[in-house]
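K.L.:
Provided herewith: input-v2.txt, compact mmCIF, C-alpha atoms.
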# COMPACT_ATOMS: atom_id res chain seq x y z
CA MET A 1 -10.62 16.08 -19.75
CA ASN A 2 -9.66 15.31 -16.15
CA LYS A 3 -10.80 17.82 -13.58
CA LEU A 4 -8.61 18.12 -10.49
CA ILE A 5 -9.51 19.66 -7.14
CA HIS A 6 -7.38 20.66 -4.21
CA ILE A 7 -8.21 18.65 -1.06
CA GLY A 8 -5.82 20.44 1.28
CA PHE A 9 -2.08 20.85 1.90
CA GLY A 10 -1.12 20.69 -1.76
CA ASN A 11 -2.95 17.42 -2.39
CA ILE A 12 -5.10 17.08 -5.51
CA VAL A 13 -7.56 14.42 -6.70
CA ASN A 14 -9.32 13.70 -9.97
CA THR A 15 -13.01 14.58 -9.55
CA GLU A 16 -14.03 12.07 -12.22
CA LYS A 17 -12.86 9.21 -9.96
CA ILE A 18 -14.75 10.28 -6.81
CA ILE A 19 -17.80 8.19 -5.88
CA ALA A 20 -18.60 9.84 -2.53
CA ILE A 21 -17.37 12.47 -0.11
CA VAL A 22 -18.43 11.57 3.42
CA SER A 23 -17.84 12.53 7.04
CA PRO A 24 -15.60 10.09 8.95
CA ASP A 25 -17.79 10.12 12.08
CA ALA A 26 -20.20 7.27 11.30
CA ALA A 27 -19.23 3.77 12.42
CA PRO A 28 -19.52 2.21 8.93
CA ILE A 29 -17.16 4.84 7.53
CA LYS A 30 -14.71 4.25 10.39
CA ARG A 31 -14.74 0.54 9.53
CA LEU A 32 -14.28 1.34 5.83
CA VAL A 33 -11.25 3.53 6.61
CA GLN A 34 -9.74 0.97 8.98
CA LYS A 35 -10.11 -1.81 6.41
CA ALA A 36 -8.59 0.42 3.71
CA LYS A 37 -5.62 1.18 5.97
CA GLU A 38 -5.12 -2.53 6.67
CA THR A 39 -5.19 -3.42 2.95
CA GLY A 40 -3.08 -0.48 1.81
CA MET A 41 -5.98 1.17 -0.01
CA ALA A 42 -6.02 4.36 2.12
CA ILE A 43 -4.29 7.56 1.07
CA ASP A 44 -3.76 9.91 4.00
CA ALA A 45 -3.74 13.52 2.73
CA THR A 46 -4.32 15.08 6.17
CA GLN A 47 -0.67 15.98 6.87
CA GLY A 48 -1.14 14.75 10.45
CA ARG A 49 -4.30 16.73 11.12
CA LYS A 50 -7.74 15.44 12.09
CA THR A 51 -9.59 13.65 9.29
CA LYS A 52 -12.71 15.64 8.45
CA SER A 53 -13.71 13.94 5.21
CA VAL A 54 -13.27 10.66 3.43
CA LEU A 55 -13.31 10.48 -0.36
CA VAL A 56 -14.35 7.09 -1.71
CA MET A 57 -12.78 6.56 -5.12
CA GLU A 58 -13.77 4.37 -8.09
CA ASN A 59 -10.94 1.89 -7.53
CA SER A 60 -12.02 1.22 -3.90
CA GLN A 61 -9.32 3.47 -2.51
CA VAL A 62 -10.22 5.97 0.19
CA VAL A 63 -8.57 9.37 0.49
CA LEU A 64 -8.52 11.06 3.89
CA SER A 65 -8.65 14.85 3.96
CA ALA A 66 -8.50 17.50 6.69
CA LEU A 67 -11.05 19.64 4.80
CA LEU A 68 -14.77 19.41 5.49
CA PRO A 69 -16.89 17.42 3.00
CA GLU A 70 -18.85 20.59 2.18
CA THR A 71 -15.64 22.40 1.24
CA ILE A 72 -14.47 19.64 -1.09
CA ALA A 73 -17.93 19.21 -2.62
CA GLY A 74 -18.14 22.96 -3.19
CA ARG A 75 -14.80 22.95 -4.97
CA ALA A 76 -15.82 19.99 -7.11
CA GLN A 77 -19.13 21.65 -7.99
CA ALA A 78 -17.42 24.95 -8.80
CA GLY A 79 -15.01 23.10 -11.07
CA LEU A 80 -17.88 21.42 -12.90
CA GLU A 81 -19.70 24.72 -13.36
CA LEU A 82 -16.52 26.40 -14.59
CA SER A 83 -15.84 23.62 -17.10
CA ALA A 84 -19.43 23.80 -18.36
CA LEU A 85 -19.07 27.55 -18.79
CA LYS A 86 -15.82 27.06 -20.76
CA GLU A 87 -17.49 24.45 -23.00
CA ASP A 88 -20.36 26.86 -23.73
CA THR A 89 -17.96 29.62 -24.80
CA ILE A 90 -15.95 27.25 -27.02
CA GLU A 91 -18.96 26.09 -29.05
Turn the structure described in the file into structure tokens.
P.N.:
Amino acid sequence: MNKLIHIGFGNIVNTEKIIAIVSPDAAPIKRLVQKAKETGMAIDATQGRKTKSVLVMENSQVVLSALLPETIAGRAQAGLELSALKEDTIE
């Protein structure tokens, strides 16, 4: 079952497709984002705000979010824990 998390401003991603959630401050990540923008592989979910995290997806797309990486990771982790709890009660 696909698990979706909110990444800010009504935008949602599938947690099963996320490879990494990183800060956009490092030079290699800035290059990755720039290349993704040039090739049309970037999805800007910041609604015009400052990019605070970059989600690297399975299909080489990058998703830009205005939420901190810790916030998104916490939501993803909480979703995994909740789904594990639901599976335990179903069995």
K.L.:
With only C-alpha atoms as the basis for distance, which of A:Ile5, A:Ile12, A:Val22, A:Ile72 is at the shortest distance from Val54 in chain A?
P.N.:
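The shortest atom-to-atom distance to Val54 in chain A comes from A:Val22.
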K.L.:
Quick one: residues within 9 Å of Asn59 in chain A, all atoms listed in the file counted, chain neighbours fewer than 3 positions away excluded, as an MDAnalysis selection string?
P.N.:
chainID A and resid 17 56 62
K.L.:
So which residues touch Ser53 in chain A within 7 Å, counting only C-alpha atoms, skipping near sequence neighbours fewer than 3 positions away, as a ChimeraX atom specification?
P.N.:
/A:21-24,64-69
K.L.:
Between A:Lys3, A:Ile29, A:Glu81, A:Gly40, which one has atoms that come closest to Leu55 in chain A, using all atoms listed in the file?
P.N.:
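Nearest to Leu55 in chain A: A:Ile29.
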K.L.:
Which of these, A:Glu58, A:Thr46, A:Ala78, A:Lys30, has the shortest distance to Gly10 in chain A once you count all atoms listed in the file?
P.N.:
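Among the listed residues, the smallest separation from Gly10 in chain A belongs to A:Thr46.
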